[in-house]
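*Asks:* What follows is the file model-v4.pdb, containing PDB, C-alpha atoms:
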```pdb
MODEL        1
ATOM      1  CA  MET P   1      14.554  -3.195   9.633  1.00  0.00           C
ATOM      2  CA  TYR P   2      12.497  -2.675   6.510  1.00  0.00           C
ATOM      3  CA  ASP P   3      12.606   0.548   4.529  1.00  0.00           C
ATOM      4  CA  ILE P   4       8.879   0.344   3.805  1.00  0.00           C
ATOM      5  CA  ALA P   5       6.091  -1.688   5.403  1.00  0.00           C
ATOM      6  CA  ILE P   6       2.818  -1.801   3.474  1.00  0.00           C
ATOM      7  CA  ILE P   7      -0.409  -2.781   5.205  1.00  0.00           C
ATOM      8  CA  GLY P   8      -2.815  -4.242   2.649  1.00  0.00           C
ATOM      9  CA  ALA P   9      -2.019  -6.295  -0.456  1.00  0.00           C
ATOM     10  CA  GLY P  10      -4.824  -5.237  -2.788  1.00  0.00           C
ATOM     11  CA  PRO P  11      -4.184  -3.128  -5.888  1.00  0.00           C
ATOM     12  CA  ALA P  12      -2.871  -0.066  -3.991  1.00  0.00           C
ATOM     13  CA  GLY P  13      -0.683  -2.024  -1.571  1.00  0.00           C
ATOM     14  CA  ALA P  14       0.724  -4.506  -4.078  1.00  0.00           C
ATOM     15  CA  SER P  15       1.410  -1.702  -6.552  1.00  0.00           C
ATOM     16  CA  ALA P  16       3.280   0.230  -3.854  1.00  0.00           C
ATOM     17  CA  ALA P  17       5.244  -2.941  -3.009  1.00  0.00           C
ATOM     18  CA  ILE P  18       6.145  -3.519  -6.667  1.00  0.00           C
ATOM     19  CA  PHE P  19       7.620  -0.031  -7.001  1.00  0.00           C
ATOM     20  CA  ALA P  20       9.329  -0.066  -3.587  1.00  0.00           C
ATOM     21  CA  ALA P  21      10.943  -3.490  -4.033  1.00  0.00           C
ATOM     22  CA  LYS P  22      11.941  -2.802  -7.660  1.00  0.00           C
ATOM     23  CA  ALA P  23      13.671   0.369  -6.414  1.00  0.00           C
ATOM     24  CA  GLY P  24      15.786  -1.800  -4.125  1.00  0.00           C
ATOM     25  CA  LYS P  25      13.998  -0.848  -0.922  1.00  0.00           C
ATOM     26  CA  LYS P  26      13.629  -3.566   1.690  1.00  0.00           C
ATOM     27  CA  THR P  27       9.852  -4.023   1.588  1.00  0.00           C
ATOM     28  CA  VAL P  28       7.340  -6.051   3.572  1.00  0.00           C
ATOM     29  CA  LEU P  29       3.744  -6.418   2.379  1.00  0.00           C
ATOM     30  CA  PHE P  30       1.109  -7.483   4.915  1.00  0.00           C
ATOM     31  CA  ASP P  31      -2.024  -9.259   3.660  1.00  0.00           C
ATOM     32  CA  ASN P  32      -4.956 -10.203   5.883  1.00  0.00           C
ATOM     33  CA  ASP P  33      -6.861 -11.748   2.925  1.00  0.00           C
ATOM     34  CA  LYS P  34      -9.968  -9.623   3.584  1.00  0.00           C
ATOM     35  CA  GLY P  35      -9.808  -7.062   0.772  1.00  0.00           C
ATOM     36  CA  MET P  36     -12.869  -6.046  -1.220  1.00  0.00           C
ATOM     37  CA  THR P  37     -11.085  -6.733  -4.528  1.00  0.00           C
ATOM     38  CA  LYS P  38     -11.331 -10.429  -3.623  1.00  0.00           C
ATOM     39  CA  ARG P  39     -15.049 -10.167  -4.516  1.00  0.00           C
ATOM     40  CA  ALA P  40     -14.640  -8.169  -7.735  1.00  0.00           C
ATOM     41  CA  TRP P  41     -14.969  -8.935 -11.426  1.00  0.00           C
ATOM     42  CA  VAL P  42     -12.893  -6.438 -13.440  1.00  0.00           C
ATOM     43  CA  GLU P  43     -13.398  -5.527 -17.113  1.00  0.00           C
ATOM     44  CA  ASN P  44     -12.289  -1.884 -17.004  1.00  0.00           C
ATOM     45  CA  HIS P  45      -8.618  -2.219 -16.014  1.00  0.00           C
ATOM     46  CA  TYR P  46      -6.297  -0.788 -18.679  1.00  0.00           C
ATOM     47  CA  GLY P  47      -4.327  -3.508 -20.464  1.00  0.00           C
ATOM     48  CA  VAL P  48      -6.381  -6.361 -19.005  1.00  0.00           C
ATOM     49  CA  PRO P  49      -9.473  -7.418 -20.994  1.00  0.00           C
ATOM     50  CA  GLU P  50     -11.049  -9.090 -17.952  1.00  0.00           C
ATOM     51  CA  ILE P  51      -9.893 -10.659 -14.704  1.00  0.00           C
ATOM     52  CA  SER P  52     -11.346 -11.816 -11.420  1.00  0.00           C
ATOM     53  CA  GLY P  53     -10.465  -9.762  -8.364  1.00  0.00           C
ATOM     54  CA  PRO P  54      -8.743 -12.710  -6.680  1.00  0.00           C
ATOM     55  CA  ASP P  55      -6.575 -13.278  -9.784  1.00  0.00           C
ATOM     56  CA  LEU P  56      -5.696  -9.572  -9.964  1.00  0.00           C
ATOM     57  CA  VAL P  57      -4.677  -9.553  -6.284  1.00  0.00           C
ATOM     58  CA  GLU P  58      -2.579 -12.721  -6.647  1.00  0.00           C
ATOM     59  CA  THR P  59      -0.876 -11.336  -9.770  1.00  0.00           C
ATOM     60  CA  GLY P  60       0.027  -8.144  -7.904  1.00  0.00           C
ATOM     61  CA  LYS P  61       1.455 -10.062  -4.958  1.00  0.00           C
ATOM     62  CA  ARG P  62       3.506 -12.265  -7.321  1.00  0.00           C
ATOM     63  CA  GLN P  63       4.892  -9.177  -9.074  1.00  0.00           C
ATOM     64  CA  ALA P  64       5.876  -7.628  -5.751  1.00  0.00           C
ATOM     65  CA  ALA P  65       7.580 -10.862  -4.656  1.00  0.00           C
ATOM     66  CA  LYS P  66       9.403 -11.075  -8.015  1.00  0.00           C
ATOM     67  CA  PHE P  67      11.167  -7.816  -7.143  1.00  0.00           C
ATOM     68  CA  GLY P  68      11.970  -8.932  -3.599  1.00  0.00           C
ATOM     69  CA  ALA P  69       9.061  -7.775  -1.439  1.00  0.00           C
ATOM     70  CA  GLU P  70       8.436 -10.095   1.498  1.00  0.00           C
ATOM     71  CA  LEU P  71       4.772 -11.120   1.724  1.00  0.00           C
ATOM     72  CA  VAL P  72       3.449 -11.835   5.220  1.00  0.00           C
ATOM     73  CA  GLU P  73      -0.076 -13.173   5.579  1.00  0.00           C
ATOM     74  CA  THR P  74      -1.226 -11.780   8.919  1.00  0.00           C
ATOM     75  CA  GLN P  75      -3.278  -9.048  10.541  1.00  0.00           C
ATOM     76  CA  VAL P  76      -1.444  -5.883  11.631  1.00  0.00           C
ATOM     77  CA  THR P  77      -2.836  -4.987  15.063  1.00  0.00           C
ATOM     78  CA  ASN P  78      -0.776  -1.953  16.071  1.00  0.00           C
ATOM     79  CA  VAL P  79       1.789   0.537  14.767  1.00  0.00           C
ATOM     80  CA  GLN P  80       4.033   2.363  17.238  1.00  0.00           C
ATOM     81  CA  LYS P  81       6.583   5.131  16.651  1.00  0.00           C
ATOM     82  CA  THR P  82      10.160   4.212  17.590  1.00  0.00           C
ATOM     83  CA  ASP P  83      13.435   6.158  17.521  1.00  0.00           C
ATOM     84  CA  SER P  84      14.276   4.784  14.073  1.00  0.00           C
ATOM     85  CA  GLY P  85      10.821   4.462  12.513  1.00  0.00           C
ATOM     86  CA  PHE P  86       7.913   2.229  13.446  1.00  0.00           C
ATOM     87  CA  ARG P  87       7.181  -1.116  15.082  1.00  0.00           C
ATOM     88  CA  LEU P  88       4.289  -3.019  13.541  1.00  0.00           C
ATOM     89  CA  GLU P  89       2.647  -5.602  15.780  1.00  0.00           C
ATOM     90  CA  THR P  90       0.887  -8.461  14.004  1.00  0.00           C
ATOM     91  CA  ASP P  91      -0.844 -11.701  14.854  1.00  0.00           C
ATOM     92  CA  SER P  92       2.429 -13.446  13.966  1.00  0.00           C
ATOM     93  CA  GLY P  93       5.086 -11.205  15.526  1.00  0.00           C
ATOM     94  CA  SER P  94       6.530  -7.712  15.240  1.00  0.00           C
ATOM     95  CA  TYR P  95       8.326  -5.941  12.401  1.00  0.00           C
ATOM     96  CA  GLU P  96      10.189  -2.644  12.139  1.00  0.00           C
ATOM     97  CA  ALA P  97      10.204  -0.197   9.247  1.00  0.00           C
ATOM     98  CA  LYS P  98      11.326   3.339   8.488  1.00  0.00           C
ATOM     99  CA  HIS P  99       8.081   4.175   6.671  1.00  0.00           C
ATOM    100  CA  VAL P 100       4.572   2.671   6.690  1.00  0.00           C
ATOM    101  CA  ILE P 101       1.982   2.816   3.914  1.00  0.00           C
ATOM    102  CA  PHE P 102      -1.650   2.119   4.801  1.00  0.00           C
ATOM    103  CA  ALA P 103      -3.415   0.537   1.807  1.00  0.00           C
ATOM    104  CA  THR P 104      -6.215  -1.025   3.822  1.00  0.00           C
ATOM    105  CA  GLY P 105      -9.160  -0.430   1.494  1.00  0.00           C
ATOM    106  CA  VAL P 106     -12.272   0.329   3.541  1.00  0.00           C
ATOM    107  CA  ALA P 107     -10.652  -0.512   6.905  1.00  0.00           C
ATOM    108  CA  THR P 108      -9.757   2.508   9.038  1.00  0.00           C
ATOM    109  CA  ASP P 109      -9.918   0.978  12.544  1.00  0.00           C
ATOM    110  CA  LEU P 110      -6.136   0.589  12.918  1.00  0.00           C
ATOM    111  CA  ALA P 111      -5.523   4.062  11.486  1.00  0.00           C
ATOM    112  CA  GLU P 112      -7.911   5.614  14.002  1.00  0.00           C
ATOM    113  CA  LYS P 113      -6.442   3.530  16.848  1.00  0.00           C
ATOM    114  CA  ILE P 114      -2.937   4.930  16.267  1.00  0.00           C
ATOM    115  CA  GLY P 115      -4.087   8.535  15.881  1.00  0.00           C
ATOM    116  CA  LEU P 116      -4.223   9.077  12.125  1.00  0.00           C
ATOM    117  CA  ARG P 117      -6.664  11.816  11.203  1.00  0.00           C
ATOM    118  CA  THR P 118      -9.678  10.634   9.250  1.00  0.00           C
ATOM    119  CA  LYS P 119     -12.481  12.362   7.402  1.00  0.00           C
ATOM    120  CA  PRO P 120     -15.771  11.361   5.763  1.00  0.00           C
ATOM    121  CA  GLY P 121     -15.403   9.396   2.530  1.00  0.00           C
ATOM    122  CA  THR P 122     -16.915  10.614  -0.737  1.00  0.00           C
ATOM    123  CA  GLU P 123     -17.370   7.278  -2.532  1.00  0.00           C
ATOM    124  CA  PRO P 124     -20.613   5.322  -2.122  1.00  0.00           C
ATOM    125  CA  ARG P 125     -20.356   2.924   0.864  1.00  0.00           C
ATOM    126  CA  ILE P 126     -16.986   4.381   1.948  1.00  0.00           C
ATOM    127  CA  LYS P 127     -17.831   6.039   5.260  1.00  0.00           C
ATOM    128  CA  THR P 128     -14.376   7.079   6.492  1.00  0.00           C
ATOM    129  CA  VAL P 129     -10.956   7.627   4.883  1.00  0.00           C
ATOM    130  CA  ILE P 130      -7.535   8.674   6.154  1.00  0.00           C
ATOM    131  CA  ASP P 131      -6.842  12.382   5.701  1.00  0.00           C
ATOM    132  CA  VAL P 132      -3.762  12.697   3.453  1.00  0.00           C
ATOM    133  CA  ASP P 133      -2.056  15.460   1.493  1.00  0.00           C
ATOM    134  CA  THR P 134      -1.546  15.249  -2.280  1.00  0.00           C
ATOM    135  CA  ASN P 135       1.589  13.116  -1.783  1.00  0.00           C
ATOM    136  CA  GLY P 136      -0.164  10.559   0.446  1.00  0.00           C
ATOM    137  CA  LYS P 137       1.322  11.800   3.728  1.00  0.00           C
ATOM    138  CA  THR P 138      -0.760  11.533   6.892  1.00  0.00           C
ATOM    139  CA  ASN P 139      -0.588  13.636  10.054  1.00  0.00           C
ATOM    140  CA  ILE P 140       2.079  11.267  11.468  1.00  0.00           C
ATOM    141  CA  ASP P 141       5.476  11.799   9.841  1.00  0.00           C
ATOM    142  CA  GLY P 142       6.594   8.573   8.143  1.00  0.00           C
ATOM    143  CA  ILE P 143       3.099   7.132   7.766  1.00  0.00           C
ATOM    144  CA  TRP P 144       1.477   7.376   4.365  1.00  0.00           C
ATOM    145  CA  ALA P 145      -1.801   6.129   2.878  1.00  0.00           C
ATOM    146  CA  ALA P 146      -2.798   5.040  -0.630  1.00  0.00           C
ATOM    147  CA  GLY P 147      -5.856   3.833  -2.485  1.00  0.00           C
ATOM    148  CA  THR P 148      -9.420   3.710  -1.237  1.00  0.00           C
ATOM    149  CA  VAL P 149      -8.418   4.259   2.412  1.00  0.00           C
ATOM    150  CA  ALA P 150      -6.791   7.539   1.297  1.00  0.00           C
ATOM    151  CA  GLY P 151      -9.986   8.755  -0.357  1.00  0.00           C
ATOM    152  CA  VAL P 152      -9.198   7.562  -3.871  1.00  0.00           C
ATOM    153  CA  SER P 153     -11.882   5.927  -6.025  1.00  0.00           C
ATOM    154  CA  VAL P 154     -12.530   2.248  -5.354  1.00  0.00           C
ATOM    155  CA  HIS P 155     -11.736   1.303  -8.981  1.00  0.00           C
ATOM    156  CA  THR P 156      -8.703  -1.001  -9.108  1.00  0.00           C
ATOM    157  CA  ILE P 157      -6.951   0.891 -11.904  1.00  0.00           C
ATOM    158  CA  ILE P 158      -7.099   4.095  -9.849  1.00  0.00           C
ATOM    159  CA  THR P 159      -6.096   2.561  -6.520  1.00  0.00           C
ATOM    160  CA  ALA P 160      -3.177   0.743  -8.179  1.00  0.00           C
ATOM    161  CA  GLY P 161      -1.978   4.023  -9.672  1.00  0.00           C
ATOM    162  CA  ASP P 162      -2.304   5.765  -6.318  1.00  0.00           C
ATOM    163  CA  GLY P 163      -0.279   3.013  -4.638  1.00  0.00           C
ATOM    164  CA  ALA P 164       2.485   3.522  -7.201  1.00  0.00           C
ATOM    165  CA  LYS P 165       2.367   7.307  -6.716  1.00  0.00           C
ATOM    166  CA  VAL P 166       2.671   7.074  -2.949  1.00  0.00           C
ATOM    167  CA  ALA P 167       5.489   4.508  -3.182  1.00  0.00           C
ATOM    168  CA  ILE P 168       7.405   6.789  -5.563  1.00  0.00           C
ATOM    169  CA  ASN P 169       6.976   9.640  -3.070  1.00  0.00           C
ATOM    170  CA  VAL P 170       8.273   7.482  -0.186  1.00  0.00           C
ATOM    171  CA  ILE P 171      11.205   6.226  -2.309  1.00  0.00           C
ATOM    172  CA  SER P 172      12.011   9.823  -3.283  1.00  0.00           C
ATOM    173  CA  GLU P 173      12.032  10.852   0.383  1.00  0.00           C
ATOM    174  CA  LEU P 174      14.284   7.922   1.310  1.00  0.00           C
ATOM    175  CA  ASN P 175      16.644   8.692  -1.592  1.00  0.00           C
ATOM    176  CA  GLY P 176      16.714  12.455  -1.018  1.00  0.00           C
ATOM    177  CA  GLU P 177      15.843  13.073  -4.693  1.00  0.00           C
ATOM    178  CA  ARG P 178      12.953  12.444  -7.073  1.00  0.00           C
ATOM    179  CA  TYR P 179      12.777   8.775  -8.077  1.00  0.00           C
ATOM    180  CA  VAL P 180      11.723   7.704 -11.571  1.00  0.00           C
ATOM    181  CA  ASP P 181      11.172   4.090 -12.635  1.00  0.00           C
ATOM    182  CA  HIS P 182      11.014   3.772 -16.391  1.00  0.00           C
ATOM    183  CA  ASP P 183      12.268   0.651 -18.137  1.00  0.00           C
ATOM    184  CA  VAL P 184      12.971   0.419 -21.860  1.00  0.00           C
ATOM    185  CA  LEU P 185      12.489  -2.485 -24.220  1.00  0.00           C
ATOM    186  CA  LYS P 186      15.457  -4.797 -24.383  1.00  0.00           C
ATOM    187  CA  PRO P 187      16.820  -5.469 -27.891  1.00  0.00           C
TER     188      PRO P 187
ENDMDL
END
```
Take the structure in this file and express it as structure tokens.
*Replies:*
Amino acid sequence: MYDIAIIGAGPAGASAAIFAAKAGKKTVLFDNDKGMTKRAWVENHYGVPEISGPDLVETGKRQAAKFGAELVETQVTNVQKTDSGFRLETDSGSYEAKHVIFATGVATDLAEKIGLRTKPGTEPRIKTVIDVDTNGKTNIDGIWAAGTVAGVSVHTIITAGDGAKVAINVISELNGERYVDHDVLKP
């Protein structure tokens, strides 16, 4: 069983996976290769002069894998509550996790199918988002949402930060105390 399953490997999902895996949490990151960042050209991402969306997404997935996240390229088709967490059904099999983070960009179909509350989006072209609290929690205990699908701006720098924030909140809940990840330069 995974500690954290993340649906969506764009900036929010990969960022969440980086933090979760680096914190030692058993993490699986699902990528259906349909994210809108795949079509982006980015020149306003802090610390990166310019990068194509596909390169940004691949870099994020590589970083997550570096820390031990398992990347699974498949479509998640259902999420069901179990006694110990959740069962995620995919096109390539089923997986179990204690917590689930939706980082599905503009896609809310699965969220609506499993009963997550949604609301109208506020960004141009974003019709519907998952209704979350300030920590990223949804109306189903153990399911969280981050990035554009959680009503955050579509800009990659913002969705990546939101993914990190939500992951830190999940890690803190799993640990029973506030988690902080701050490395220092090595001499």
*Asks:* Counting all atoms listed in the file, which residues of region 108-173 of chain P sit at most 8 Å from some atom of region 18-40 of chain P, and what is each one's closest atom pair with its distance in Å to one decimal, listed by chain and rising residue number, as JSON lines?
*Replies:*
```
{"residue": "P:Thr156", "atom": "CA", "partner": "P:Thr37", "partner_atom": "CA", "distance": 7.7}
{"residue": "P:Ala164", "atom": "CA", "partner": "P:Phe19", "partner_atom": "CA", "distance": 6.2}
{"residue": "P:Ala167", "atom": "CA", "partner": "P:Ala20", "partner_atom": "CA", "distance": 6.0}
{"residue": "P:Ile168", "atom": "CA", "partner": "P:Phe19", "partner_atom": "CA", "distance": 7.0}
{"residue": "P:Ile171", "atom": "CA", "partner": "P:Ala20", "partner_atom": "CA", "distance": 6.7}
```
*Asks:* For this file, the PyMOL selection byres ((chain P and resi 85) around 8) selects which residues, as a PyMOL selection string?
*Replies:* chain P and resi 81-84+86-87+96-99+142
*Asks:* So that I have them on file, write out the residues from the current selection with C-alpha atoms, as a compact mmCIF listing (two decimals), in the frame of the given file.
*Replies:*
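What landed in out_5.txt:
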```txt
# COMPACT_ATOMS: atom_id res chain seq x y z
CA LYS P 81 6.58 5.13 16.65
CA THR P 82 10.16 4.21 17.59
CA ASP P 83 13.44 6.16 17.52
CA SER P 84 14.28 4.78 14.07
CA PHE P 86 7.91 2.23 13.45
CA ARG P 87 7.18 -1.12 15.08
CA GLU P 96 10.19 -2.64 12.14
CA ALA P 97 10.20 -0.20 9.25
CA LYS P 98 11.33 3.34 8.49
CA HIS P 99 8.08 4.18 6.67
CA GLY P 142 6.59 8.57 8.14
```
*Asks:* Determine the axis-aligned bounding box of all atoms of region 66-83 of chain P present in the file, pad each side by 3 Å, and express its centre and edge lengths in Å to one decimal place as lines of an AutoDock Vina configuration file.
*Replies:*
```
center_x = 5.1
center_y = -3.5
center_z = 4.8
size_x = 22.7
size_y = 25.3
size_z = 31.6
```
*Asks:* Take the PyMOL selection byres ((chain P and resi 151) around 7), apply it to the structure above, and return the hits as a count of residues only.
*Replies:* 9
*Asks:* Which is closest to Ala69 (chain P) among P:Asp162, P:Asp183, P:Glu112, P:Asp3, if we use only C-alpha atoms?
*Replies:*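 When distances to Ala69 (chain P) are compared using only C-alpha atoms, the smallest one comes from P:Asp3.
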*Asks:* To one decimal place, how far is CA of Lys61 (chain P) from CA of Gln80 (chain P) in Å?
*Replies:*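 Separation of CA of Lys61 (chain P) and CA of Gln80 (chain P): 25.6 Å.
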*Asks:* Expand the PyMOL selection byres ((chain P and resi 143) around 6) into the individual residues it matches in the shown file, reporting them as a ChimeraX atom specification.
*Replies:* /P:99-101,138,140-142,144
*Asks:* Measuring between only C-alpha atoms, which one of P:Ala16, P:Leu116, P:Ala9, P:Val106 shows the shortest distance to Asn169 (chain P)?
*Replies:*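 Among the listed residues, the smallest separation from Asn169 (chain P) belongs to P:Ala16.
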*Asks:* Between CA of Leu174 (chain P) and CA of Ala5 (chain P), measure the distance and give it in Å to one decimal.
*Replies:*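 Atom-to-atom, CA of Leu174 (chain P) to CA of Ala5 (chain P), that is 13.3 Å.
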*Asks:* Using all atoms listed in the file, determine which residues lie at most 9 Å from Ser92 (chain P), disregarding the query and same-chain residues fewer than 2 positions distant; provide the list as a list in words.
*Replies:*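 Neighbouring residues, sequence-local ones excluded: Val72, Glu73, Thr74, Gln75, Val76, Glu89, Thr90 and Ser94 of chain P.
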*Asks:* What does the structure give for the distance between CA of Thr122 (chain P) and CA of Glu50 (chain P), in Å to one decimal?
*Replies:* 26.8 Å
*Asks:* Hey, which of P:Lys165, P:Val79, P:Ala17, P:Pro120 ends up closest to Gly60 (chain P)? Count only C-alpha atoms.
*Replies:* P:Ala17
